[in-house]
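Some notes on the structure that comes next.
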Amino acid sequence: MRITLNDNLLRRGSLEEIQSVMGHEMGHYVLHHIAKDILYFSVVIVIFFAFLHWSLERALARWGERWKIRGIGDSAIVPLVFLIGTLLGFVYTPFFNTHIRTNEHEADMYGLNASRQPDGFAQGAIHLGEYRKMSPSPVEEWIFFDHPSGRNRIHDAMRWKAENLQLFTPKSEH
């Protein structure tokens, strides 16, 4: 497939950052995130529409006559569809973000293993901090972040580096 790098990364990033980003993006491909996402979101969409249908039936049974909506096929139901759909989307947002954030973390780990550039990866996370909050609370990250926070990405990169120090220290000669 194809991985594209934006001009900001190429202009501002070090070779180590570029290598770590390439490793991350390769991880999405190797770990089959696109295929898994298609399956996951297909299931989510079926559940969403099933719950939407169930909610509309319940609302019409309770308030349909008062609202003068004759059934699900009545075009007067459109505002209710948007209201319930929006509420379902709002409630689902943290779970959607968690799914994406998990894929991103997996790609991060793949990228670190492939590039062996934890310092470059951490520097890239710092650059992303220019437009993303680096250190949100755990609840804030769970609800609003679809990528791991900069703090967590840097922590993971440094933990990876600590666990793989043998890759960075010269072998002693006996």
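Chain labels A, B, ... are given in the sequence in which chains occur in the structure tokens; within each chain residues are numbered consecutively from 1, and ligands are likewise numbered from 1 in the order shown.
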
Item to complete: Taking the DSSP assignment computed from this structure's backbone, write out as number ranges by chain all residues of chain A that belong to alpha helix (DSSP H).
Response: A: 7-12, 15-30, 33-67, 78-115, 118-128, 138-144, 150-163

Discussion item. Considering only C-alpha atoms, can you say which of A:His155, A:Arg116, A:His99, A:His127 comes closest to A:Phe41?
Written reply: A:His99

Worksheet item: What is the distance, in Å and to one decimal place, between atom CA of A:Asn103 and atom CA of A:Ile84?
Response: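 Between atom CA of A:Asn103 and atom CA of A:Ile84 the gap works out to 28.3 Å.
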
Fill in: Proximity to A:His33 - best of A:Glu104, A:Glu16, A:Asp74, A:Glu163, only C-alpha atoms
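Looking only at the distances to A:His33, the closest residue turns out to be A:Glu104.
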
Fill in: Contacts of A:Ala162 within 12 Å, only C-alpha atoms, excl. fewer than 6 positions in-chain, as a PyMOL selection string
chain A and resi 116+118-119+155-156+168-169

Just the selected residues (all heavy atoms), exported as a PDB file, in the first residue's frame, please.
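Contents of again18.pdb, freshly written:
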```pdb
ATOM      1  N   ARG A 116      12.882   1.242  16.150  1.00  0.00           N
ATOM      2  CA  ARG A 116      13.842   1.296  17.269  1.00  0.00           C
ATOM      3  C   ARG A 116      14.301   2.725  17.507  1.00  0.00           C
ATOM      4  O   ARG A 116      15.486   2.982  17.735  1.00  0.00           O
ATOM      5  CB  ARG A 116      15.020   0.369  17.025  1.00  0.00           C
ATOM      6  CG  ARG A 116      14.599  -1.084  16.947  1.00  0.00           C
ATOM      7  CD  ARG A 116      15.762  -1.997  16.756  1.00  0.00           C
ATOM      8  NE  ARG A 116      15.303  -3.384  16.763  1.00  0.00           N
ATOM      9  CZ  ARG A 116      16.102  -4.414  16.672  1.00  0.00           C
ATOM     10  NH1 ARG A 116      17.392  -4.237  16.576  1.00  0.00           N
ATOM     11  NH2 ARG A 116      15.615  -5.628  16.676  1.00  0.00           N
ATOM     12  N   PRO A 118      12.904   5.233  19.963  1.00  0.00           N
ATOM     13  CA  PRO A 118      12.033   5.762  21.013  1.00  0.00           C
ATOM     14  C   PRO A 118      12.208   7.262  21.250  1.00  0.00           C
ATOM     15  O   PRO A 118      11.234   7.958  21.548  1.00  0.00           O
ATOM     16  CB  PRO A 118      12.417   4.951  22.255  1.00  0.00           C
ATOM     17  CG  PRO A 118      13.819   4.494  21.971  1.00  0.00           C
ATOM     18  CD  PRO A 118      13.876   4.282  20.484  1.00  0.00           C
ATOM     19  N   ASP A 119      13.422   7.765  21.106  1.00  0.00           N
ATOM     20  CA  ASP A 119      13.636   9.203  21.298  1.00  0.00           C
ATOM     21  C   ASP A 119      12.971   9.998  20.182  1.00  0.00           C
ATOM     22  O   ASP A 119      12.362  11.039  20.430  1.00  0.00           O
ATOM     23  CB  ASP A 119      15.128   9.521  21.379  1.00  0.00           C
ATOM     24  CG  ASP A 119      15.786   8.881  22.606  1.00  0.00           C
ATOM     25  OD1 ASP A 119      15.110   8.743  23.644  1.00  0.00           O
ATOM     26  OD2 ASP A 119      16.971   8.512  22.513  1.00  0.00           O
ATOM     27  N   HIS A 155       5.709   8.271  27.669  1.00  0.00           N
ATOM     28  CA  HIS A 155       5.931   7.262  28.718  1.00  0.00           C
ATOM     29  C   HIS A 155       6.147   5.885  28.104  1.00  0.00           C
ATOM     30  O   HIS A 155       7.073   5.151  28.476  1.00  0.00           O
ATOM     31  CB  HIS A 155       4.741   7.247  29.684  1.00  0.00           C
ATOM     32  CG  HIS A 155       4.830   6.172  30.714  1.00  0.00           C
ATOM     33  ND1 HIS A 155       4.259   4.929  30.522  1.00  0.00           N
ATOM     34  CD2 HIS A 155       5.442   6.131  31.917  1.00  0.00           C
ATOM     35  CE1 HIS A 155       4.505   4.178  31.581  1.00  0.00           C
ATOM     36  NE2 HIS A 155       5.230   4.881  32.429  1.00  0.00           N
ATOM     37  N   ASP A 156       5.294   5.525  27.152  1.00  0.00           N
ATOM     38  CA  ASP A 156       5.417   4.215  26.503  1.00  0.00           C
ATOM     39  C   ASP A 156       6.738   4.086  25.743  1.00  0.00           C
ATOM     40  O   ASP A 156       7.382   3.029  25.763  1.00  0.00           O
ATOM     41  CB  ASP A 156       4.241   3.964  25.562  1.00  0.00           C
ATOM     42  CG  ASP A 156       2.937   3.745  26.309  1.00  0.00           C
ATOM     43  OD1 ASP A 156       2.958   3.485  27.532  1.00  0.00           O
ATOM     44  OD2 ASP A 156       1.875   3.843  25.660  1.00  0.00           O
ATOM     45  N   PHE A 168      20.776  -0.341  22.539  1.00  0.00           N
ATOM     46  CA  PHE A 168      21.398   0.984  22.485  1.00  0.00           C
ATOM     47  C   PHE A 168      22.777   1.039  23.135  1.00  0.00           C
ATOM     48  O   PHE A 168      23.462   2.034  23.017  1.00  0.00           O
ATOM     49  CB  PHE A 168      20.492   2.008  23.158  1.00  0.00           C
ATOM     50  CG  PHE A 168      19.130   2.070  22.526  1.00  0.00           C
ATOM     51  CD1 PHE A 168      18.060   1.393  23.084  1.00  0.00           C
ATOM     52  CD2 PHE A 168      18.920   2.771  21.349  1.00  0.00           C
ATOM     53  CE1 PHE A 168      16.804   1.417  22.484  1.00  0.00           C
ATOM     54  CE2 PHE A 168      17.681   2.793  20.740  1.00  0.00           C
ATOM     55  CZ  PHE A 168      16.614   2.117  21.320  1.00  0.00           C
ATOM     56  N   THR A 169      23.171  -0.014  23.823  1.00  0.00           N
ATOM     57  CA  THR A 169      24.482  -0.001  24.470  1.00  0.00           C
ATOM     58  C   THR A 169      25.435  -0.853  23.665  1.00  0.00           C
ATOM     59  O   THR A 169      25.090  -1.947  23.201  1.00  0.00           O
ATOM     60  CB  THR A 169      24.390  -0.565  25.920  1.00  0.00           C
ATOM     61  OG1 THR A 169      23.773  -1.848  25.883  1.00  0.00           O
ATOM     62  CG2 THR A 169      23.567   0.351  26.799  1.00  0.00           C
TER      63      THR A 169
END
```

Discussion item. For A:Met26, find every residue with an atom within 10 Å (counting only C-alpha atoms), except residues of its own chain fewer than 4 positions away, and show them as a PyMOL selection string.
Written reply: chain A and resi 1-3+20-22+30-32+107-108+110-111+114

Worksheet item: Which residues, written as a PyMOL selection string, have at least one atom at most 12 Å from A:Gly124, with only C-alpha atoms counted and residues fewer than 3 positions away on the same chain left out?
Response: chain A and resi 8-10+12-22+24+108+117-121+127-130+134+150-151+153-154+157

Discussion item. Can you measure atom CA of A:Gly73 to atom CA of A:Tyr92 for me? One decimal in Å is fine.
Written reply: 25.8 Å

Item to complete: Give me the residues within 12 Å of A:Leu88 as a list in words, counting only C-alpha atoms and dropping any in the same chain fewer than 2 places off.
Response: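 Answer for this query is Val44, Ile45, Ile47, Phe48, Phe49, Ala50, Phe51, Leu52, His53, Ser55, Val81, Phe82, Leu83, Ile84, Gly85, Thr86, Phe90, Val91, Tyr92, Thr93, Pro94, Phe95 and Phe96 of chain A.
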
Could you please take those selected residues and save C-alpha atoms as a short mmCIF file (atom, residue, chain, number, x, y, z; two decimals), in the first residue's frame?
```
data_model
loop_
_atom_site.label_atom_id
_atom_site.label_comp_id
_atom_site.auth_asym_id
_atom_site.auth_seq_id
_atom_site.Cartn_x
_atom_site.Cartn_y
_atom_site.Cartn_z
CA VAL A 44 -21.61 -0.89 15.53
CA ILE A 45 -23.77 0.50 12.72
CA ILE A 47 -26.46 -2.12 16.63
CA PHE A 48 -26.91 1.66 16.29
CA PHE A 49 -29.80 1.30 13.83
CA ALA A 50 -31.39 -1.51 15.83
CA PHE A 51 -31.29 0.65 18.97
CA LEU A 52 -32.52 3.67 17.00
CA HIS A 53 -35.48 1.64 15.69
CA SER A 55 -36.05 3.88 20.64
CA VAL A 81 -34.48 10.51 14.45
CA PHE A 82 -31.85 13.26 14.56
CA LEU A 83 -32.37 13.81 18.29
CA ILE A 84 -32.09 10.14 19.23
CA GLY A 85 -29.24 9.56 16.75
CA THR A 86 -27.33 12.49 18.20
CA PHE A 90 -22.85 11.31 22.12
CA VAL A 91 -23.08 8.34 24.47
CA TYR A 92 -21.01 6.17 22.11
CA THR A 93 -18.20 8.73 21.65
CA PRO A 94 -15.95 7.49 24.51
CA PHE A 95 -16.23 3.91 23.25
CA PHE A 96 -15.47 4.98 19.67
#
```
